[in-house]
>>> print(open('model_9.txt').read())   # compact mmCIF, C-alpha atoms
# COMPACT_ATOMS: atom_id res chain seq x y z
CA MET A 279 0.00 0.00 0.00
CA GLY A 280 2.42 2.62 1.22
CA LYS A 281 5.60 3.90 -0.32
CA LYS A 282 7.73 2.69 2.56
CA LYS A 283 9.04 -0.84 2.67
CA SER A 284 8.20 -1.37 6.33
CA SER A 285 4.50 -2.14 6.45
CA VAL A 286 4.08 -1.52 10.16
CA ALA A 287 3.10 2.00 11.10
CA HIS A 288 4.43 3.36 14.38
CA LYS A 289 7.07 0.65 14.49
CA GLU A 290 9.30 2.54 16.91
CA THR A 291 6.55 3.12 19.42
CA TYR A 292 5.58 -0.54 19.27
CA GLN A 293 9.23 -1.35 20.00
CA ARG A 294 9.12 1.05 22.91
CA ILE A 295 5.97 -0.51 24.32
CA ASN A 296 7.55 -3.93 23.96
CA TYR A 297 10.67 -2.81 25.80
CA LEU A 298 8.69 -1.23 28.63
CA TYR A 299 6.67 -4.41 29.10
CA GLN A 300 9.85 -6.48 29.22
CA ALA A 301 11.48 -4.06 31.66
CA ALA A 302 8.47 -4.19 33.98
CA TYR A 303 8.55 -7.98 33.87
CA LEU A 304 12.29 -8.10 34.53
CA VAL A 305 12.10 -5.73 37.49
CA LEU A 306 9.37 -7.84 39.07
CA THR A 307 11.11 -11.16 38.51
CA THR A 308 14.50 -10.05 39.82
CA ASP A 309 12.90 -8.94 43.08
CA SER A 310 9.25 -9.80 43.58
CA SER A 311 8.72 -7.15 46.26
CA ASN A 312 9.70 -4.25 44.00
CA HIS A 313 6.22 -3.17 42.92
CA SER A 314 6.70 0.55 42.49
CA LEU A 315 9.10 0.58 39.55
CA CYS A 316 7.06 -2.07 37.75
CA ARG A 317 3.99 0.13 38.15
CA PHE A 318 5.83 3.14 36.76
CA TYR A 319 6.78 1.33 33.55
CA THR A 320 3.34 -0.11 32.95
CA LYS A 321 1.79 3.28 33.50
CA THR A 322 4.03 4.94 30.92
CA LEU A 323 3.28 2.04 28.56
CA LYS A 324 -0.44 2.65 28.87
CA ALA A 325 0.00 6.41 28.51
CA ILE A 326 1.91 6.00 25.23
CA ALA A 327 -0.71 3.65 23.83
CA ARG A 328 -3.49 6.01 24.85
CA ARG A 329 -1.92 9.08 23.27
CA LEU A 330 -1.19 7.44 19.92
CA VAL A 331 -4.49 5.50 19.91
CA LEU A 332 -2.78 2.13 19.60
CA ARG A 333 -4.75 -0.85 20.81
CA LEU A 334 -2.87 -3.18 23.10
CA HIS A 335 -3.20 -6.90 22.52
CA PRO A 336 -5.62 -8.47 25.03
CA ASN A 337 -2.89 -10.76 26.32
CA ILE A 338 -0.92 -7.68 27.36
CA LYS A 339 -3.93 -5.66 28.47
CA ARG A 340 -5.21 -8.39 30.74
CA THR A 341 -1.92 -8.71 32.60
CA ILE A 342 -1.96 -5.10 33.81
CA CYS A 343 -4.02 -4.19 36.85
CA LYS A 344 -6.65 -1.56 35.99
CA ASN A 345 -6.53 -0.12 39.45
CA CYS A 346 -2.87 0.15 40.45
CA PHE A 347 -0.98 -0.62 37.17
CA LEU A 348 0.82 -3.65 38.64
CA LEU A 349 1.90 -6.44 36.30
CA LEU A 350 -0.22 -9.50 37.08
CA ILE A 351 1.77 -12.73 37.26
CA PRO A 352 -0.20 -15.64 38.75
CA GLY A 353 1.39 -16.89 41.96
CA VAL A 354 3.62 -13.85 42.39
CA THR A 355 1.32 -10.84 42.30
CA THR A 356 -2.11 -12.45 41.90
CA ILE A 357 -4.30 -15.16 43.35
CA THR A 358 -6.23 -16.91 40.59
CA ARG A 359 -9.21 -19.12 41.38
CA ILE A 360 -12.14 -20.69 39.54
CA LYS A 361 -15.38 -19.65 41.24
CA GLY A 362 -19.13 -19.70 40.78
CA LYS A 363 -21.69 -22.49 41.18
CA LYS A 364 -23.67 -22.55 37.98
CA ASP A 365 -21.67 -20.36 35.68
CA LYS A 366 -18.00 -20.80 36.39
CA TYR A 367 -15.72 -17.82 36.18
CA SER A 368 -12.06 -17.21 36.91
CA GLU A 369 -11.28 -14.57 39.48
CA THR A 370 -7.87 -12.91 39.58
CA LYS A 371 -7.14 -10.83 42.64
CA CYS A 372 -4.32 -8.29 42.54
CA LEU A 373 -2.14 -8.55 45.64
CA GLY A 374 -0.97 -4.95 45.31
CA CYS A 375 -4.35 -3.32 45.82
CA GLY A 376 -6.95 -6.10 46.18
CA PHE A 377 -8.76 -5.39 42.91
CA LYS A 378 -10.68 -8.34 41.45
CA ILE A 379 -11.30 -9.15 37.80
CA HIS A 380 -13.72 -11.78 36.53
CA TYR A 381 -13.58 -13.63 33.24
CA MET A 382 -16.15 -16.25 32.26
CA ALA A 383 -14.69 -19.76 32.16
CA ASN A 384 -16.76 -21.25 29.39
CA PRO A 385 -14.92 -24.02 27.51
CA ASN A 386 -17.06 -23.56 24.38
CA TYR A 387 -16.43 -19.84 24.08
CA LYS A 388 -13.53 -18.58 22.01
CA PRO A 389 -12.52 -14.93 22.19
CA TRP A 390 -12.31 -13.08 18.89
CA PHE A 391 -8.60 -12.37 19.05
CA GLU A 392 -7.82 -16.10 19.08
CA ASN A 393 -9.72 -16.49 15.85
CA PRO A 394 -7.43 -16.65 12.77
CA GLU A 395 -9.81 -14.33 10.89
CA ALA A 396 -8.94 -11.52 13.28
CA TRP A 397 -5.33 -11.36 12.17
CA ILE A 398 -4.43 -8.87 9.49
CA PRO A 399 -2.37 -10.60 6.79
CA THR A 400 1.15 -9.15 6.62
CA GLY A 401 3.55 -8.87 3.72
CA SER A 402 0.92 -8.62 0.97
CA MET B 295 11.18 -43.75 62.14
CA GLU B 296 8.77 -43.79 59.27
CA VAL B 297 8.32 -40.06 59.50
CA LYS B 298 12.05 -39.53 59.46
CA ALA B 299 12.50 -41.63 56.38
CA ASP B 300 9.77 -39.69 54.67
CA LYS B 301 11.46 -36.41 55.50
CA ASP B 302 14.77 -37.64 54.13
CA THR B 303 13.20 -38.57 50.85
CA LEU B 304 11.33 -35.28 50.72
CA TYR B 305 14.32 -32.99 50.99
CA SER B 306 16.90 -35.10 49.18
CA SER B 307 18.08 -33.86 45.81
CA LEU B 308 16.91 -35.50 42.61
CA PRO B 309 18.82 -38.50 41.22
CA GLN B 310 21.64 -37.60 38.86
CA SER B 311 20.04 -39.15 35.81
CA VAL B 312 17.13 -36.71 36.19
CA GLN B 313 19.35 -33.74 36.97
CA SER B 314 21.43 -34.12 33.84
CA ASN B 315 18.31 -34.07 31.66
CA SER B 316 16.51 -31.41 33.66
CA SER B 317 16.69 -28.78 30.95
CA LYS B 318 15.09 -31.13 28.41
CA ILE B 319 12.12 -31.91 30.63
CA GLY B 320 11.58 -28.29 31.52
CA LEU B 321 12.53 -28.31 35.20
CA LYS B 322 13.80 -25.02 36.56
CA ALA B 323 15.86 -24.44 39.67
CA VAL B 324 14.07 -22.31 42.28
CA ARG B 325 15.91 -19.07 42.97
CA ALA B 326 17.56 -18.90 46.39
CA ASP B 327 15.73 -15.77 47.51
CA PHE B 328 12.33 -16.89 46.19
CA LEU B 329 11.18 -18.49 49.45
CA LYS B 330 12.28 -15.54 51.53
CA ASN B 331 10.42 -13.04 49.36
CA PHE B 332 7.35 -15.26 49.19
CA LEU B 333 7.16 -15.60 52.97
CA LYS B 334 7.69 -11.87 53.39
CA GLN B 335 4.67 -11.16 51.25
CA THR B 336 2.28 -13.81 52.52
CA VAL B 337 3.02 -13.96 56.24
CA HIS B 338 2.09 -10.80 58.12
CA SER B 339 3.96 -10.23 61.33
CA ASP B 340 1.71 -9.17 64.22
CA LYS B 341 4.42 -8.82 66.78
CA LYS B 342 2.68 -6.07 68.71
CA LYS B 343 -0.44 -8.15 69.14
CA GLU B 344 1.39 -11.32 70.13
CA LYS B 345 3.29 -9.73 72.97
CA ASN B 346 0.41 -8.52 75.11
CA VAL B 347 -2.22 -11.25 75.03
CA PRO B 348 -3.63 -11.71 78.52
CA LEU B 349 -4.94 -15.10 79.58
CA GLU B 350 -8.48 -13.81 79.94
CA HIS B 351 -8.71 -13.39 76.20
CA LEU B 352 -8.14 -17.08 75.66
CA THR B 353 -11.17 -17.99 77.77
CA VAL B 354 -13.25 -15.50 75.82
CA VAL B 355 -12.12 -17.10 72.59
CA SER B 356 -13.12 -20.55 73.82
CA GLU B 357 -16.56 -19.25 74.78
CA VAL B 358 -17.02 -17.72 71.39
CA ILE B 359 -16.13 -20.98 69.71
CA GLU B 360 -18.71 -22.88 71.77
CA ASN B 361 -21.57 -20.47 71.10
CA PRO B 362 -20.91 -18.56 67.90
CA PRO B 363 -22.71 -15.22 67.53
CA LYS B 364 -25.68 -15.07 65.19
CA LYS B 365 -25.07 -13.55 61.84
CA ARG B 366 -26.58 -10.14 61.34
CA LYS B 367 -27.92 -9.01 58.05
CA VAL B 368 -25.73 -6.29 56.68
CA GLU B 369 -27.70 -3.48 55.15
CA LYS B 370 -26.38 -2.54 51.78
CA GLY B 371 -25.89 1.12 51.05
CA PRO B 372 -26.24 2.76 47.66
CA ARG B 373 -24.25 0.90 45.05
CA LYS B 374 -20.86 2.26 44.13
CA HIS B 375 -20.51 3.18 40.51
CA ARG B 376 -16.76 3.60 40.54
CA LYS B 377 -14.76 0.42 40.89
CA THR B 378 -11.24 1.74 40.58
CA MET B 379 -9.44 4.17 42.87
CA THR B 380 -9.62 7.91 42.40
CA HIS B 381 -6.50 9.93 41.80
CA LYS B 382 -6.46 11.15 45.41
CA GLU B 383 -6.52 7.60 46.76
CA ARG B 384 -3.75 6.60 44.39
CA LYS B 385 -1.62 9.47 45.61
CA LYS B 386 -2.13 8.34 49.19
CA MET B 387 -0.98 4.80 48.37
CA LYS B 388 2.33 6.13 46.98
CA LEU B 389 2.30 3.69 44.10
CA PHE B 390 5.47 4.89 42.41
CA ASP B 391 7.84 5.65 45.27
CA ILE B 392 10.84 3.31 45.37
CA LYS B 393 11.37 1.78 48.81
CA LYS B 394 14.65 1.96 50.65
CA GLU B 395 15.16 -1.81 50.46
CA ASP B 396 15.07 -1.66 46.67
CA GLN B 397 17.67 1.08 46.36
CA ILE B 398 20.55 -1.21 45.46
CA TYR B 399 22.61 -0.51 42.35
CA GLU B 400 23.36 -4.14 41.51
CA LYS B 401 19.67 -5.00 41.23
CA TYR B 402 19.33 -2.79 38.18
CA ILE B 403 22.28 -4.05 36.16
CA PRO B 404 20.11 -6.61 34.27
CA LEU B 405 17.76 -3.74 33.40
CA HIS B 406 20.69 -1.85 31.84
CA ASN B 407 21.66 -4.94 29.82
CA LEU B 408 18.09 -5.16 28.52
CA TRP B 409 18.20 -1.51 27.53
CA LYS B 410 21.44 -2.04 25.59
CA ASP B 411 19.80 -4.76 23.52
CA TYR B 412 16.76 -2.58 22.92
CA ILE B 413 18.67 0.51 21.82
CA SER B 414 21.01 -1.40 19.50
CA ASP B 415 18.00 -3.15 18.00
CA LEU B 416 16.28 0.19 17.50
CA LEU B 417 19.22 2.01 15.93
CA TYR B 418 20.81 -0.71 13.84
CA SER B 419 17.85 -2.82 12.78
CA GLY B 420 17.52 -3.57 9.09
CA ASP B 421 20.57 -1.87 7.59
CA LYS B 422 23.64 -2.98 9.49
CA GLU B 423 26.06 -1.59 6.95
CA LYS B 424 25.07 1.96 7.63
CA SER B 425 27.95 4.38 7.47
CA GLU B 426 28.83 6.13 10.70
CA GLY B 427 28.45 9.56 9.15
CA ILE B 428 24.65 9.45 9.19
CA LEU B 429 23.84 10.39 12.74
CA THR B 430 20.90 12.70 12.21
CA ASN B 431 18.64 9.72 11.62
CA ASP B 432 19.87 8.21 14.87
CA ALA B 433 19.13 11.38 16.76
CA GLN B 434 15.56 11.40 15.45
CA LYS B 435 15.12 7.83 16.57
CA LEU B 436 16.75 8.44 19.92
CA LEU B 437 14.36 11.29 20.65
CA LYS B 438 11.47 8.86 20.51
CA ALA B 439 13.32 6.03 22.24
CA ASP B 440 12.88 4.98 25.82
CA LEU B 441 15.66 5.93 28.21
CA HIS B 442 14.69 3.92 31.29
CA GLY B 443 17.66 1.74 32.14
CA ALA B 444 20.34 3.82 30.43
CA ILE B 445 23.50 4.90 32.19
CA ILE B 446 23.37 8.68 32.23
CA THR B 447 25.93 11.28 33.28
CA VAL B 448 25.71 15.00 33.89
CA ILE B 449 28.41 17.02 32.11
CA LYS B 450 27.35 20.59 32.59
CA SER B 451 25.02 22.15 35.06
CA ARG B 452 24.32 25.43 36.73
CA CYS B 453 24.45 23.65 40.04
CA PRO B 454 28.06 22.45 40.38
CA SER B 455 27.29 19.62 42.78
CA TYR B 456 25.35 17.73 40.10
CA ILE B 457 28.29 17.56 37.71
CA HIS B 458 29.83 14.11 37.11
CA THR B 459 27.04 12.19 38.81
CA THR B 460 26.48 8.95 36.94
CA GLY B 461 23.98 6.18 37.38
CA ILE B 462 21.19 4.07 35.92
CA LEU B 463 18.09 6.03 34.99
CA LEU B 464 15.09 4.54 36.81
CA GLN B 465 12.29 7.05 36.43
CA GLU B 466 11.82 9.91 34.03
CA THR B 467 9.25 12.57 34.80
CA ARG B 468 8.44 15.82 33.08
CA ASN B 469 11.04 17.90 34.88
CA THR B 470 13.43 15.41 36.48
CA PHE B 471 15.52 12.30 36.04
CA ASN B 472 15.57 9.83 38.95
CA ILE B 473 18.99 8.20 38.96
CA ILE B 474 20.44 5.45 41.15
CA THR B 475 24.16 5.92 41.76
CA LYS B 476 26.81 3.35 42.62
CA ASN B 477 26.62 4.42 46.27
CA ASN B 478 23.07 2.98 46.38
CA LYS B 479 21.43 6.38 46.54
CA ILE B 480 18.59 7.72 44.47
CA LYS B 481 19.17 11.22 43.13
CA CYS B 482 16.56 13.44 41.61
CA ILE B 483 18.20 15.68 39.03
CA PRO B 484 16.20 18.46 37.33
CA LYS B 485 16.45 18.67 33.55
CA LEU B 486 16.51 22.43 33.60
CA HIS B 487 19.92 24.12 33.24
CA SER B 488 21.94 20.94 32.73
CA ILE B 489 23.37 18.80 29.94
CA PHE B 490 23.47 15.00 29.98
CA THR B 491 25.24 12.30 27.99
CA ILE B 492 24.30 8.75 27.10
CA GLU B 493 26.84 6.25 25.83
CA ASN B 494 25.95 3.49 23.39
CA ALA B 495 28.36 1.30 21.41
CA GLY B 496 31.19 3.82 21.62
CA ILE B 497 29.13 6.82 20.56
CA LEU B 498 28.26 9.57 23.03
CA TYR B 499 24.89 11.26 22.64
CA THR B 500 24.35 14.56 24.40
CA ILE B 501 20.97 15.64 25.68
CA TYR B 502 20.16 19.28 26.34
CA GLY B 503 17.92 19.25 29.38
CA ASN B 504 16.28 22.58 28.64
CA GLN B 505 14.74 21.27 25.43
CA PHE B 506 13.96 17.87 26.87
CA LYS B 507 11.34 19.03 29.33
CA VAL B 508 8.53 16.75 28.20
CA LYS B 509 6.75 13.82 29.81
CA SER B 510 8.46 10.60 28.80
CA SER B 511 5.20 9.19 27.45
CA GLU B 512 4.53 12.38 25.49
CA ARG B 513 7.91 12.30 23.80
CA SER B 514 6.95 9.68 21.22
CA ILE B 515 4.31 11.99 19.73
CA ARG B 516 5.79 15.45 20.01
CA LYS B 517 7.72 17.08 17.18
CA PHE B 518 10.91 18.78 18.24
CA LYS B 519 12.09 21.99 16.69
CA THR B 520 15.73 22.59 15.94
CA LYS B 521 17.15 25.49 17.88
CA ALA B 522 20.39 27.26 17.18
CA THR B 523 21.08 28.93 20.50
CA LEU B 524 21.96 26.69 23.36
CA ASP B 525 22.68 28.29 26.68
CA LEU B 526 22.85 26.86 30.10
>>> encode(input="model_9.txt", output="structure tokens")
Amino acid sequence: MGKKKSSVAHKETYQRINYLYQAAYLVLTTDSSNHSLCRFYTKTLKAIARRLVLRLHPNIKRTICKNCFLLLIPGVTTITRIKGKKDKYSETKCLGCGFKIHYMANPNYKPWFENPEAWIPTGS
Amino acid sequence: MEVKADKDTLYSSLPQSVQSNSSKIGLKAVRADFLKNFLKQTVHSDKKKEKNVPLEHLTVVSEVIENPPKKRKVEKGPRKHRKTMTHKERKKMKLFDIKKEDQIYEKYIPLHNLWKDYISDLLYSGDKEKSEGILTNDAQKLLKADLHGAIITVIKSRCPSYIHTTGILLQETRNTFNIITKNNKIKCIPKLHSIFTIENAGILYTIYGNQFKVKSSERSIRKFKTKATLDL
């Protein structure tokens, strides 16, 4: 389509977002009690994405706490349980602030982003 | 004796045949400080409470266990519409302040190594045979790059005590750089009236703090104007 060879727009900002996510993960894994710096990186990550109107992938978006910007790693910063009697749902509780998120645990349901139709073909 | 034998088998190391192939199976060694950190988070120390527990309380507890109090119905108030914290509450929590225990220089060396990989990937991706003369393109890229994790030094400043402070950049705000030095101290250096350098692969990049006064998240969008006059 475009004149440029690189088909990805905003490639540098995507690289920056990727780096910030990795840095936040690395800071948490080297010392699991260092929450504040991890929060700072995820917050800047979200701010960049918001200003340039870039949509984060759900796998990234769902691992950042909405309330306190902490990176959610099960067992380290979250408690994850399956709950509910009739309709089962998974509950992840952030250990930094106590915020809870629910996702339905329906084995027949497939989210749209896992569908191969959702992917934009690259290189053409 | 049976219990003892069980304990021995529990804490003994794996047989050598398993250990040699551990990487193939996917076993990972637990980090030495993992247990300590985990216990620190999960177990809350109530030392103050434990010290002064009179014996009378114990009898009260036993009575309560025998006849538990009836559950009262809790009246629900008006439903909250807001689920997340407000900005005031977030400020109170001090979400972004680095604790004193985490102010150790050696902890952030892996972060610097990650940054090196990132910046070399950003500057030299695609065309590796780029001649060294073209640096304007690099400067444009570096303006939009992320600087968290870089080793930064102050060359010139109006305040003479800031000069020659070096360290890993941890946090970048609109007006300041938060740097951790080798003496395990966090220093907050204002961007105004000072000039910084960043070293990457043998090339020194200078940053003029006066023109750099933007939020780090805002920098990837903003267009910078070239200015001729540069004063401290």
>>> closest_residue(input="model_9.txt", among="A:Lys388, A:Ile360, A:His335, A:Phe377", to="chain B", atoms="all atoms listed in the file")
A:Phe377
>>> interface_residues(input="model_9.txt", of="chain B", to="chain A", cutoff="7 Å", atoms="all atoms listed in the file", output="PDB file with C-alpha atoms, in the frame of the given file")
ATOM      1  CA  ASN B 331      10.420 -13.040  49.360  1.00  0.00           C
ATOM      2  CA  THR B 378     -11.240   1.740  40.580  1.00  0.00           C
ATOM      3  CA  MET B 379      -9.440   4.170  42.870  1.00  0.00           C
ATOM      4  CA  LEU B 389       2.300   3.690  44.100  1.00  0.00           C
ATOM      5  CA  PHE B 390       5.470   4.890  42.410  1.00  0.00           C
ATOM      6  CA  ASP B 391       7.840   5.650  45.270  1.00  0.00           C
ATOM      7  CA  ILE B 392      10.840   3.310  45.370  1.00  0.00           C
ATOM      8  CA  ASP B 396      15.070  -1.660  46.670  1.00  0.00           C
ATOM      9  CA  LEU B 405      17.760  -3.740  33.400  1.00  0.00           C
ATOM     10  CA  TYR B 412      16.760  -2.580  22.920  1.00  0.00           C
ATOM     11  CA  ALA B 439      13.320   6.030  22.240  1.00  0.00           C
ATOM     12  CA  ASP B 440      12.880   4.980  25.820  1.00  0.00           C
ATOM     13  CA  SER B 511       5.200   9.190  27.450  1.00  0.00           C
ATOM     14  CA  GLU B 512       4.530  12.380  25.490  1.00  0.00           C
ATOM     15  CA  SER B 514       6.950   9.680  21.220  1.00  0.00           C
TER      16      SER B 514
END
>>> atom_distance(input="model_9.txt", atom1="CA of Phe471 in chain B", atom2="CA of Ile398 in chain B")
17.2 Å
>>> residues_near_point(input="model_9.txt", point="(20.5, 12.3, 42.9)", cutoff="9 Å", atoms="all atoms listed in the file", output="list in words")
Tyr456, Thr459, Gly461, Phe471, Asn472, Ile473, Ile474, Thr475, Lys479, Ile480, Lys481, Cys482 and Ile483 of chain B
>>> write_last_selection(input="model_9.txt", atoms="C-alpha atoms", output="short mmCIF file (atom, residue, chain, number, x, y, z; two decimals), in the frame of the given file")
data_model
loop_
_atom_site.label_atom_id
_atom_site.label_comp_id
_atom_site.auth_asym_id
_atom_site.auth_seq_id
_atom_site.Cartn_x
_atom_site.Cartn_y
_atom_site.Cartn_z
CA TYR B 456 25.35 17.73 40.10
CA THR B 459 27.04 12.19 38.81
CA GLY B 461 23.98 6.18 37.38
CA PHE B 471 15.52 12.30 36.04
CA ASN B 472 15.57 9.83 38.95
CA ILE B 473 18.99 8.20 38.96
CA ILE B 474 20.44 5.45 41.15
CA THR B 475 24.16 5.92 41.76
CA LYS B 479 21.43 6.38 46.54
CA ILE B 480 18.59 7.72 44.47
CA LYS B 481 19.17 11.22 43.13
CA CYS B 482 16.56 13.44 41.61
CA ILE B 483 18.20 15.68 39.03
#
>>> atom_distance(input="model_9.txt", atom1="CA of Trp390 in chain A", atom2="CA of Cys343 in chain A")
21.7 Å
>>> closest_residue(input="model_9.txt", among="B:Gln434, B:Ser316, B:Asn494, B:Asn477", to="Thr520 in chain B", atoms="all atoms listed in the file")
B:Gln434
>>> residues_around(input="model_9.txt", residues="Ile449 in chain B", least_positions_apart="2", cutoff="6 Å", atoms="all atoms listed in the file", output="VMD selection string")
chain B and resid 457 to 458 489 to 490
>>> atom_distance(input="model_9.txt", atom1="CA of Asn315 in chain B", atom2="CA of Asp327 in chain B")
24.3 Å
>>> closest_residue(input="model_9.txt", among="B:Thr380, B:Ser317, B:Thr460, B:Thr447", to="Asn478 in chain B", atoms="all atoms listed in the file")
B:Thr460
>>> closest_residue(input="model_9.txt", among="A:Ile338, A:Leu349, A:Ala287, A:Ala383", to="Gly362 in chain A", atoms="only C-alpha atoms")
A:Ala383
